file entry-v7.cif (mmCIF, C-alpha atoms)
data_protein
loop_
_atom_site.label_atom_id
_atom_site.label_comp_id
_atom_site.auth_asym_id
_atom_site.auth_seq_id
_atom_site.Cartn_x
_atom_site.Cartn_y
_atom_site.Cartn_z
CA MET A 1 -23.97 -55.68 -35.51
CA SER A 2 -23.51 -52.13 -36.71
CA ILE A 3 -26.06 -49.35 -36.74
CA THR A 4 -26.22 -46.11 -38.65
CA PRO A 5 -25.30 -43.37 -36.20
CA GLY A 6 -27.77 -40.54 -35.87
CA THR A 7 -26.95 -37.00 -36.88
CA LEU A 8 -29.79 -34.94 -35.36
CA ASP A 9 -28.89 -32.37 -32.74
CA ARG A 10 -30.88 -33.42 -29.69
CA ARG A 11 -31.61 -29.91 -28.47
CA ALA A 12 -32.79 -28.76 -31.89
CA ALA A 13 -34.88 -31.90 -32.29
CA VAL A 14 -36.66 -31.50 -28.93
CA LYS A 15 -37.14 -27.79 -29.45
CA ALA A 16 -38.82 -28.47 -32.79
CA LEU A 17 -40.92 -31.21 -31.21
CA LEU A 18 -42.25 -28.85 -28.54
CA ALA A 19 -42.75 -25.79 -30.74
CA ASP A 20 -46.31 -24.39 -30.57
CA ARG A 21 -47.09 -27.06 -28.01
CA GLY A 22 -50.59 -25.88 -27.21
CA ASP A 23 -52.16 -28.11 -24.54
CA LEU A 24 -49.44 -30.77 -24.79
CA LEU A 25 -48.38 -32.33 -21.47
CA VAL A 26 -44.79 -33.57 -21.31
CA ILE A 27 -43.05 -36.17 -19.15
CA SER A 28 -39.26 -36.34 -19.56
CA GLY A 29 -37.02 -39.26 -18.68
CA LEU A 30 -34.09 -38.78 -16.37
CA GLY A 31 -30.79 -37.39 -17.61
CA SER A 32 -30.31 -35.63 -20.91
CA SER A 33 -33.96 -35.89 -21.96
CA SER A 34 -35.01 -33.79 -18.97
CA TYR A 35 -32.30 -31.25 -19.84
CA ASP A 36 -33.47 -31.13 -23.46
CA VAL A 37 -37.11 -30.56 -22.52
CA PHE A 38 -36.13 -27.85 -20.01
CA ASP A 39 -33.85 -26.18 -22.56
CA ALA A 40 -36.72 -26.08 -25.07
CA GLY A 41 -38.67 -23.84 -22.68
CA GLU A 42 -39.84 -24.01 -19.06
CA HIS A 43 -43.52 -24.88 -18.83
CA PRO A 44 -45.83 -25.93 -15.96
CA GLY A 45 -47.06 -28.77 -18.16
CA ASN A 46 -43.59 -30.32 -18.02
CA PHE A 47 -42.81 -32.98 -15.44
CA TYR A 48 -39.11 -33.72 -15.33
CA LEU A 49 -37.96 -37.04 -13.93
CA TRP A 50 -34.63 -36.99 -12.15
CA GLY A 51 -34.72 -40.66 -11.25
CA ALA A 52 -37.17 -43.56 -11.63
CA MET A 53 -35.19 -44.97 -14.53
CA GLY A 54 -37.43 -47.07 -16.74
CA GLY A 55 -40.57 -45.37 -15.48
CA ALA A 56 -41.09 -42.42 -17.82
CA ALA A 57 -43.42 -44.19 -20.26
CA MET A 58 -45.53 -45.56 -17.40
CA VAL A 59 -45.86 -42.13 -15.80
CA GLY A 60 -47.01 -41.04 -19.25
CA LEU A 61 -49.56 -43.85 -19.39
CA GLY A 62 -51.05 -43.04 -15.99
CA LEU A 63 -51.33 -39.40 -17.02
CA ALA A 64 -52.74 -40.19 -20.47
CA LEU A 65 -55.46 -42.41 -18.96
CA ALA A 66 -56.35 -39.72 -16.43
CA GLN A 67 -56.41 -36.93 -19.04
CA PRO A 68 -57.78 -38.49 -22.22
CA LYS A 69 -58.55 -35.11 -23.79
CA ARG A 70 -55.00 -33.82 -23.51
CA PRO A 71 -52.13 -34.98 -25.70
CA VAL A 72 -49.34 -36.49 -23.61
CA LEU A 73 -45.76 -36.78 -24.86
CA VAL A 74 -43.03 -38.76 -23.14
CA VAL A 75 -39.54 -37.62 -24.14
CA THR A 76 -36.91 -40.08 -23.07
CA GLY A 77 -33.65 -41.74 -24.05
CA ASP A 78 -32.90 -45.18 -25.40
CA GLY A 79 -31.31 -46.34 -22.14
CA GLU A 80 -34.25 -45.17 -20.06
CA GLN A 81 -36.79 -46.81 -22.34
CA LEU A 82 -34.78 -50.02 -22.50
CA MET A 83 -34.87 -50.34 -18.72
CA GLY A 84 -38.66 -50.22 -18.84
CA ILE A 85 -39.08 -52.06 -22.11
CA GLY A 86 -42.02 -54.07 -20.77
CA SER A 87 -43.96 -50.84 -20.39
CA LEU A 88 -44.38 -50.77 -24.18
CA LEU A 89 -46.42 -53.97 -23.91
CA THR A 90 -48.45 -52.55 -21.05
CA ILE A 91 -49.17 -49.34 -22.97
CA ALA A 92 -50.24 -51.35 -26.00
CA THR A 93 -52.86 -53.20 -23.95
CA LYS A 94 -54.56 -49.89 -23.15
CA GLN A 95 -54.19 -48.27 -26.60
CA PRO A 96 -54.25 -44.70 -25.24
CA GLY A 97 -54.86 -42.60 -28.34
CA ASN A 98 -53.44 -39.47 -26.69
CA LEU A 99 -50.07 -40.94 -25.68
CA SER A 100 -46.90 -40.53 -27.72
CA ILE A 101 -43.36 -41.55 -26.86
CA ALA A 102 -40.31 -39.92 -28.40
CA VAL A 103 -37.16 -41.94 -27.77
CA LEU A 104 -34.04 -39.86 -28.30
CA ASP A 105 -31.78 -42.63 -29.50
CA ASN A 106 -28.03 -42.11 -29.61
CA GLY A 107 -27.37 -45.79 -28.97
CA ARG A 108 -25.61 -44.90 -25.76
CA PHE A 109 -25.91 -44.32 -22.05
CA GLY A 110 -25.06 -40.65 -22.35
CA GLU A 111 -25.08 -39.67 -18.71
CA THR A 112 -22.68 -42.33 -17.52
CA GLY A 113 -19.78 -42.23 -19.96
CA MET A 114 -21.33 -42.92 -23.36
CA GLN A 115 -21.30 -46.71 -23.06
CA LEU A 116 -23.04 -48.44 -25.95
CA SER A 117 -26.65 -49.37 -25.17
CA HIS A 118 -28.57 -52.33 -26.54
CA SER A 119 -29.91 -49.94 -29.12
CA GLY A 120 -26.36 -49.02 -30.08
CA LEU A 121 -25.63 -52.72 -30.30
CA GLY A 122 -28.44 -53.35 -32.75
CA ALA A 123 -31.83 -53.42 -30.97
CA LYS A 124 -34.54 -51.56 -32.89
CA LEU A 125 -36.88 -49.84 -30.47
CA GLU A 126 -39.48 -49.03 -33.10
CA VAL A 127 -39.65 -52.68 -34.13
CA ILE A 128 -39.95 -53.77 -30.50
CA ALA A 129 -42.74 -51.22 -30.01
CA SER A 130 -44.51 -52.52 -33.09
CA GLY A 131 -44.21 -56.09 -31.85
CA ALA A 132 -45.59 -54.99 -28.49
CA GLY A 133 -48.74 -53.78 -30.22
CA ILE A 134 -48.08 -50.06 -30.61
CA GLY A 135 -49.64 -49.39 -33.98
CA SER A 136 -48.00 -46.12 -34.92
CA VAL A 137 -44.21 -46.30 -34.95
CA SER A 138 -41.63 -44.29 -36.82
CA ASP A 139 -37.88 -44.13 -37.28
CA ILE A 140 -36.88 -40.50 -37.60
CA ALA A 141 -33.49 -39.33 -38.84
CA ASP A 142 -34.15 -35.77 -40.03
CA MET A 143 -35.98 -32.60 -39.06
CA ALA A 144 -38.73 -33.22 -41.60
CA GLY A 145 -39.53 -36.39 -39.70
CA ILE A 146 -39.63 -34.45 -36.43
CA GLU A 147 -42.05 -31.96 -37.97
CA SER A 148 -44.32 -34.71 -39.20
CA PHE A 149 -44.29 -36.44 -35.80
CA ARG A 150 -45.01 -33.14 -34.05
CA ASN A 151 -48.02 -32.56 -36.27
CA SER A 152 -49.39 -35.98 -35.33
CA LEU A 153 -49.31 -35.41 -31.56
CA ARG A 154 -52.60 -33.56 -31.37
CA ASP A 155 -54.53 -36.37 -33.01
CA LEU A 156 -55.98 -37.89 -29.85
CA ALA A 157 -57.20 -40.96 -31.70
CA GLY A 158 -53.95 -41.75 -33.43
CA GLY A 159 -51.93 -43.14 -30.58
CA PRO A 160 -50.27 -44.79 -28.93
CA ARG A 161 -47.31 -43.91 -31.04
CA LEU A 162 -43.59 -44.26 -30.62
CA ALA A 163 -40.90 -42.46 -32.57
CA ARG A 164 -37.30 -43.51 -32.47
CA ILE A 165 -35.41 -40.30 -33.10
CA ARG A 166 -31.83 -40.79 -34.21
CA ILE A 167 -29.77 -38.16 -32.47
CA ALA A 168 -26.02 -37.65 -32.63
CA ALA A 169 -23.98 -39.10 -29.80
CA SER A 170 -22.45 -35.76 -28.92
CA GLU A 171 -22.41 -34.39 -25.40
CA VAL A 172 -24.10 -31.06 -24.91
CA GLU A 173 -23.93 -28.72 -21.95
CA ARG A 174 -26.34 -29.61 -19.19
CA ALA A 175 -29.41 -27.43 -18.71
CA LEU A 176 -30.77 -28.20 -15.28
CA PRO A 177 -34.51 -28.03 -14.55
CA PRO A 178 -35.84 -27.80 -10.99
CA ARG A 179 -35.17 -30.94 -8.96
CA ASP A 180 -37.72 -30.59 -6.17
CA GLY A 181 -40.24 -33.33 -6.84
CA THR A 182 -43.11 -31.96 -4.78
CA TYR A 183 -42.72 -28.58 -6.48
CA LEU A 184 -42.81 -30.17 -9.91
CA LYS A 185 -45.82 -32.29 -8.93
CA ASN A 186 -47.82 -29.41 -7.50
CA ARG A 187 -46.93 -27.12 -10.38
CA PHE A 188 -48.07 -29.72 -12.88
CA ARG A 189 -51.32 -30.43 -11.05
CA GLY A 190 -51.90 -26.70 -10.66
CA HIS A 191 -51.55 -26.35 -14.42
CA LEU A 192 -54.40 -28.86 -14.78
CA GLY A 193 -56.53 -26.98 -12.26
CA PHE A 194 -56.02 -29.17 -9.19
CA LYS A 195 -55.58 -27.33 -5.91
CA VAL A 196 -52.78 -28.09 -3.49
CA SER A 197 -54.36 -29.94 -0.60
CA MET B 1 -46.90 -85.71 -9.31
CA ASP B 2 -49.83 -83.67 -10.46
CA GLN B 3 -48.70 -80.07 -10.06
CA ILE B 4 -51.92 -78.43 -11.17
CA ALA B 5 -52.73 -75.88 -8.52
CA VAL B 6 -56.20 -76.15 -7.16
CA HIS B 7 -57.51 -73.56 -4.76
CA GLN B 8 -59.63 -74.44 -1.84
CA ASP B 9 -62.43 -72.12 -1.06
CA SER B 10 -61.45 -69.43 1.34
CA ALA B 11 -61.83 -70.55 4.91
CA THR B 12 -64.04 -67.60 5.60
CA SER B 13 -67.49 -66.83 4.32
CA THR B 14 -66.79 -63.10 4.29
CA ASP B 15 -66.52 -61.71 0.80
CA TRP B 16 -63.57 -59.47 1.58
CA PRO B 17 -62.54 -58.70 -2.05
CA VAL B 18 -65.99 -57.16 -2.53
CA ALA B 19 -65.52 -55.14 0.65
CA ILE B 20 -62.18 -53.91 -0.69
CA TYR B 21 -63.72 -53.04 -4.05
CA ARG B 22 -66.54 -51.06 -2.43
CA THR B 23 -64.09 -49.20 -0.23
CA LEU B 24 -61.89 -48.29 -3.19
CA LYS B 25 -64.98 -47.07 -5.04
CA SER B 26 -65.98 -44.91 -2.08
CA PHE B 27 -62.54 -43.26 -2.29
CA GLY B 28 -63.04 -42.53 -5.98
CA VAL B 29 -60.28 -44.81 -7.22
CA ALA B 30 -60.20 -44.43 -11.00
CA GLN B 31 -57.24 -46.61 -11.96
CA VAL B 32 -56.35 -50.13 -10.91
CA CYS B 33 -53.21 -51.87 -12.12
CA TYR B 34 -51.94 -55.29 -11.31
CA VAL B 35 -49.61 -58.17 -11.73
CA PRO B 36 -52.09 -60.96 -11.14
CA ASP B 37 -52.24 -63.10 -8.07
CA ALA B 38 -54.77 -65.77 -7.25
CA GLY B 39 -55.70 -63.89 -4.09
CA HIS B 40 -56.63 -60.82 -6.14
CA THR B 41 -58.67 -62.70 -8.76
CA LYS B 42 -62.05 -61.41 -7.66
CA LEU B 43 -60.94 -57.81 -7.21
CA ILE B 44 -59.31 -57.85 -10.65
CA LYS B 45 -62.53 -59.19 -12.19
CA LEU B 46 -64.63 -56.55 -10.44
CA SER B 47 -62.25 -53.87 -11.58
CA HIS B 48 -62.27 -54.96 -15.22
CA ALA B 49 -66.06 -55.10 -15.15
CA ASP B 50 -66.31 -51.51 -13.88
CA ALA B 51 -66.45 -48.99 -16.73
CA ASP B 52 -65.42 -46.18 -14.39
CA ILE B 53 -62.13 -47.85 -13.48
CA LYS B 54 -59.28 -47.97 -15.96
CA THR B 55 -57.69 -51.35 -15.30
CA THR B 56 -54.19 -52.12 -16.52
CA VAL B 57 -52.26 -55.37 -16.49
CA LEU B 58 -48.52 -54.85 -15.95
CA THR B 59 -45.48 -56.83 -17.03
CA THR B 60 -43.75 -56.08 -13.73
CA GLU B 61 -44.78 -54.42 -10.50
CA GLU B 62 -42.64 -51.28 -10.65
CA GLU B 63 -44.55 -50.23 -13.75
CA GLY B 64 -47.55 -49.82 -11.47
CA VAL B 65 -45.68 -47.51 -9.13
CA ALA B 66 -44.81 -45.21 -12.03
CA LEU B 67 -48.36 -45.49 -13.38
CA ALA B 68 -49.76 -44.38 -10.03
CA ALA B 69 -47.52 -41.30 -10.15
CA GLY B 70 -48.74 -40.38 -13.62
CA ALA B 71 -52.35 -41.00 -12.63
CA TRP B 72 -52.01 -38.62 -9.69
CA LEU B 73 -50.42 -35.96 -11.90
CA GLY B 74 -53.54 -36.19 -14.03
CA GLY B 75 -55.97 -36.15 -11.11
CA ASP B 76 -56.71 -39.86 -10.82
CA ARG B 77 -56.36 -42.05 -7.75
CA ALA B 78 -54.72 -45.37 -8.52
CA VAL B 79 -54.26 -48.67 -6.72
CA LEU B 80 -51.57 -51.26 -7.40
CA LEU B 81 -52.36 -54.94 -6.80
CA MET B 82 -49.60 -57.52 -6.53
CA GLN B 83 -48.32 -60.44 -4.53
CA SER B 84 -45.44 -60.28 -2.09
CA SER B 85 -43.03 -61.80 -4.62
CA GLY B 86 -43.23 -58.59 -6.63
CA VAL B 87 -42.45 -56.14 -3.87
CA GLY B 88 -38.70 -56.30 -4.34
CA ASN B 89 -39.15 -55.23 -7.95
CA CYS B 90 -40.59 -51.92 -6.76
CA VAL B 91 -37.82 -50.72 -4.49
CA ASN B 92 -36.06 -48.19 -6.72
CA MET B 93 -39.29 -46.91 -8.25
CA LEU B 94 -40.54 -46.10 -4.75
CA SER B 95 -37.93 -43.30 -4.80
CA LEU B 96 -40.19 -41.52 -7.29
CA MET B 97 -43.06 -41.56 -4.83
CA ALA B 98 -40.95 -40.49 -1.86
CA SER B 99 -39.14 -37.73 -3.77
CA CYS B 100 -42.36 -36.19 -5.04
CA ARG B 101 -44.59 -37.22 -2.12
CA PHE B 102 -46.92 -39.01 -4.51
CA PRO B 103 -49.70 -41.03 -2.90
CA LEU B 104 -49.39 -44.76 -3.39
CA LEU B 105 -51.84 -47.39 -2.27
CA THR B 106 -50.79 -50.95 -2.94
CA LEU B 107 -52.58 -54.09 -1.84
CA VAL B 108 -50.26 -57.04 -1.51
CA THR B 109 -51.38 -60.62 -1.12
CA MET B 110 -48.85 -62.47 0.98
CA ARG B 111 -47.04 -65.63 0.05
CA GLY B 112 -44.42 -67.46 2.01
CA GLU B 113 -45.82 -66.94 5.46
CA TRP B 114 -48.83 -69.17 6.22
CA ALA B 115 -48.76 -72.86 5.39
CA GLU B 116 -46.48 -72.14 2.44
CA PHE B 117 -45.76 -75.17 0.30
CA ASN B 118 -43.20 -73.55 -2.02
CA PRO B 119 -39.88 -72.68 -0.35
CA TRP B 120 -39.02 -70.32 -3.22
CA GLN B 121 -41.78 -67.98 -2.06
CA ILE B 122 -40.48 -67.67 1.46
CA PRO B 123 -37.45 -65.31 1.22
CA MET B 124 -39.34 -62.48 -0.53
CA GLY B 125 -42.42 -63.07 1.59
CA ARG B 126 -40.33 -62.74 4.71
CA ALA B 127 -38.59 -59.60 3.41
CA THR B 128 -41.77 -57.90 2.16
CA PRO B 129 -42.45 -55.55 5.10
CA GLN B 130 -38.81 -54.47 5.29
CA ALA B 131 -38.59 -53.97 1.52
CA PHE B 132 -41.36 -51.40 1.82
CA GLU B 133 -40.12 -49.87 5.04
CA ILE B 134 -36.59 -49.21 3.83
CA MET B 135 -38.15 -46.95 1.18
CA GLY B 136 -40.40 -45.14 3.62
CA THR B 137 -43.61 -46.93 2.70
CA THR B 138 -46.03 -47.44 5.57
CA VAL B 139 -47.05 -51.06 6.07
CA LEU B 140 -50.49 -52.03 7.35
CA ARG B 141 -51.73 -55.57 7.86
CA LEU B 142 -55.06 -57.04 6.95
CA GLU B 143 -55.37 -60.30 8.88
CA ASN B 144 -59.09 -60.65 9.33
CA PRO B 145 -61.67 -60.54 6.51
CA ASP B 146 -64.06 -58.61 8.70
CA ASP B 147 -61.53 -55.77 8.95
CA ALA B 148 -61.19 -55.28 5.19
CA GLU B 149 -63.23 -52.10 4.89
CA GLU B 150 -61.70 -50.48 7.95
CA VAL B 151 -58.10 -51.25 7.06
CA ILE B 152 -58.41 -50.33 3.37
CA SER B 153 -60.21 -47.14 4.31
CA ALA B 154 -57.48 -46.16 6.76
CA ALA B 155 -54.81 -46.93 4.19
CA ALA B 156 -56.59 -44.96 1.47
CA SER B 157 -56.93 -41.90 3.71
CA LEU B 158 -53.29 -42.08 4.64
CA ALA B 159 -52.30 -42.36 0.99
CA TYR B 160 -54.63 -39.96 -0.82
CA ASP B 161 -55.18 -37.39 1.91
CA GLY B 162 -51.85 -37.73 3.71
CA ASP B 163 -49.71 -37.99 0.54
CA GLN B 164 -48.05 -41.15 1.79
CA GLN B 165 -47.04 -44.44 0.27
CA VAL B 166 -49.00 -47.22 1.94
CA ALA B 167 -48.92 -50.97 1.49
CA VAL B 168 -51.61 -53.23 2.90
CA LEU B 169 -50.32 -56.77 3.34
CA ILE B 170 -53.20 -59.21 3.04
CA SER B 171 -52.53 -62.28 5.12
CA GLN B 172 -52.02 -65.56 3.31
CA ARG B 173 -54.33 -67.07 5.89
CA MET B 174 -57.21 -65.03 4.46
CA ILE B 175 -56.55 -66.30 0.96
CA GLY B 176 -56.65 -69.90 1.98
CA ARG B 177 -54.19 -72.73 1.80
CA LYS B 178 -52.97 -73.37 -1.73
CA LYS B 179 -53.62 -76.95 -2.62
CA TRP B 180 -51.02 -78.21 -5.07
CA THR B 181 -52.12 -81.79 -5.50
CA LYS B 182 -55.19 -83.81 -4.90
CA GLU B 183 -53.56 -85.34 -1.87
CA THR B 184 -54.44 -83.82 1.42
CA HIS B 185 -51.93 -83.08 4.11
#
call {"tool": "encode", "arguments": {"input": "entry-v7.cif", "output": "structure tokens"}}
result
Amino acid sequence: MSITPGTLDRRAAVKALLADRGDLLVISGLGSSSYDVFDAGEHPGNFYLWGAMGGAAMVGLGLALAQPKRPVLVVTGDGEQLMGIGSLLTIATKQPGNLSIAVLDNGRFGETGMQLSHSGLGAKLEVIASGAGIGSVSDIADMAGIESFRNSLRDLAGGPRLARIRIAASEVERALPPRDGTYLKNRFRGHLGFKVS
Amino acid sequence: MDQIAVHQDSATSTDWPVAIYRTLKSFGVAQVCYVPDAGHTKLIKLSHADADIKTTVLTTEEEGVALAAGAWLGGDRAVLLMQSSGVGNCVNMLSLMASCRFPLLTLVTMRGEWAEFNPWQIPMGRATPQAFEIMGTTVLRLENPDDAEEVISAAASLAYDGDQQVAVLISQRMIGRKKWTKETH
């Protein structure tokens, strides 16, 4: 089964997604997605995962339920989302209007040698999300689509939504965010006004 | 053979799931997530009926670990309910909690240890404490219904105030013997 390869530059796509982010809170999946979010601009409302593969969307759900008045965006890759594919069903049961998931889909496991992923072998994440019960799904292949998705993020009643974003399977230079988990946790909570105990 | 599972009433008259629920409420728990288990039926029902608790059913247990991390980031205290069979599923995701020192409170109903009928439950039941401990999760035991409040309270303090990952293993003896057929043994 063949798929149409994406052409979007991942860094440009994520940068456009996070432009004028306002009160947006961002969870990034391990690997390149965390590098992309960091490269788009350091922010205390970013929580970068460096592990926990398959968990990004669920971290996003826990956060979205706790902070229903803030838009929450999970930025992750196809491989990361595939490992936690059941989380799409779990998210759909809660229908969090403020939660959006952007899957940067190059059809490959980029961090480990560019092996083809299930997405690269034909699985359609936006269709799976739709079948799971996520009402707002999109398949984005150009910057106009990114812009439209970005504009939708602040509609706290419009989620949950998932966008499959077709990025090119090119390797880009790593941009490394902080790795200390307790620092990232406390910084994020501080941003929301919670004191360090 | 009739394989419809029928549960006997718990051997004890103590309503320990209610004691657990009240204790969790007193700690301000705002999110409960679960992979269902018969032993957690009452607590799950109480949780769903409580408008102040966001209750989430999971497809697999490690989702709940990640959910608890996200909840804490957003200022919510979460609890994960599961049975011992699901503990192995959580092992890698527990790295997230250890790396970031996220609180985790999980209440695990035990299978495979007390009058177990199903041999397939026994290996994971036997490995449950070690599966937590290899990842740095503290294991507490709840063996007696009368201790429910005290044990859950201690675990919740350790988790939410001490930033630790804590599992309370609820003895299969408390849940009652699972009766698989109408025959008695």
call {"tool": "interface_residues", "arguments": {"input": "entry-v7.cif", "of": "chain A", "to": "chain B", "cutoff": "6 Å", "atoms": "only C-alpha atoms", "output": "PyMOL selection string"}}
result
chain A and resi 52+55+58-60+62-63+66-67+86+90+181-182+189
call {"tool": "resolve_selection", "arguments": {"input": "entry-v7.cif", "expression": "the PyMOL selection byres ((chain A and resi 122-127) around 12)", "output": "JSON, numbers by chain"}}
result
{"A": [1, 2, 3, 4, 5, 77, 78, 79, 80, 81, 82, 83, 84, 85, 86, 88, 101, 102, 103, 104, 105, 106, 107, 108, 116, 117, 118, 119, 120, 121, 128, 129, 130, 131, 132, 133, 134, 135, 136, 137, 138, 139, 140, 161, 162, 163, 164, 165, 166]}
call {"tool": "atom_distance", "arguments": {"input": "entry-v7.cif", "atom1": "atom CA of Ala175 of chain A", "atom2": "atom CA of Val75 of chain A"}}
result
15.4 Å
call {"tool": "residues_around", "arguments": {"input": "entry-v7.cif", "residues": "Asp37 of chain B", "least_positions_apart": "6", "cutoff": "9 Å", "atoms": "all atoms listed in the file", "output": "number ranges by chain"}}
result
B: 81-83, 109
call {"tool": "write_last_selection", "arguments": {"input": "entry-v7.cif", "atoms": "C-alpha atoms", "output": "mmCIF file, in the frame of the given file"}}
result
data_model
loop_
_atom_site.group_PDB
_atom_site.id
_atom_site.type_symbol
_atom_site.label_atom_id
_atom_site.label_comp_id
_atom_site.auth_asym_id
_atom_site.auth_seq_id
_atom_site.Cartn_x
_atom_site.Cartn_y
_atom_site.Cartn_z
ATOM 1 C CA LEU B 81 -52.360 -54.940 -6.800
ATOM 2 C CA MET B 82 -49.600 -57.520 -6.530
ATOM 3 C CA GLN B 83 -48.320 -60.440 -4.530
ATOM 4 C CA THR B 109 -51.380 -60.620 -1.120
#
call {"tool": "resolve_selection", "arguments": {"input": "entry-v7.cif", "expression": "the PyMOL selection byres ((chain B and resi 169) around 8)", "output": "VMD selection string"}}
result
chain B and resid 107 to 110 139 to 142 167 to 168 170 to 171
call {"tool": "resolve_selection", "arguments": {"input": "entry-v7.cif", "expression": "the PyMOL selection byres ((chain B and resi 135) around 8)", "output": "PDB file with C-alpha atoms, in the frame of the given file"}}
result
ATOM      1  CA  VAL B  91     -37.820 -50.720  -4.490  1.00  0.00           C
ATOM      2  CA  LEU B  94     -40.540 -46.100  -4.750  1.00  0.00           C
ATOM      3  CA  SER B  95     -37.930 -43.300  -4.800  1.00  0.00           C
ATOM      4  CA  ALA B  98     -40.950 -40.490  -1.860  1.00  0.00           C
ATOM      5  CA  ALA B 131     -38.590 -53.970   1.520  1.00  0.00           C
ATOM      6  CA  PHE B 132     -41.360 -51.400   1.820  1.00  0.00           C
ATOM      7  CA  GLU B 133     -40.120 -49.870   5.040  1.00  0.00           C
ATOM      8  CA  ILE B 134     -36.590 -49.210   3.830  1.00  0.00           C
ATOM      9  CA  GLY B 136     -40.400 -45.140   3.620  1.00  0.00           C
ATOM     10  CA  THR B 137     -43.610 -46.930   2.700  1.00  0.00           C
TER      11      THR B 137
END
call {"tool": "atom_distance", "arguments": {"input": "entry-v7.cif", "atom1": "atom CA of Ala141 of chain A", "atom2": "atom CA of Val37 of chain A"}}
result
18.9 Å
call {"tool": "atom_distance", "arguments": {"input": "entry-v7.cif", "atom1": "atom CA of Pro17 of chain B", "atom2": "atom CA of Ala38 of chain B"}}
result
11.7 Å
call {"tool": "closest_residue", "arguments": {"input": "entry-v7.cif", "among": "A:Leu184, A:Ala57, A:Val172, A:Leu17", "to": "Gly110 of chain A", "atoms": "only C-alpha atoms"}}
result
A:Val172
call {"tool": "residues_around", "arguments": {"input": "entry-v7.cif", "residues": "segment 122-127 of chain B", "least_positions_apart": "4", "cutoff": "8 Å", "atoms": "all atoms listed in the file", "output": "number ranges by chain"}}
result
B: 84-85, 87-88, 110-113, 116, 118, 131
call {"tool": "residues_around", "arguments": {"input": "entry-v7.cif", "residues": "Tyr48 of chain A", "least_positions_apart": "4", "cutoff": "7 Å", "atoms": "all atoms listed in the file", "output": "PyMOL selection string"}}
result
chain A and resi 27-29+34
call {"tool": "closest_residue", "arguments": {"input": "entry-v7.cif", "among": "A:Ala92, A:Leu8, A:Met114, A:Leu49", "to": "Glu171 of chain A", "atoms": "only C-alpha atoms"}}
result
A:Met114
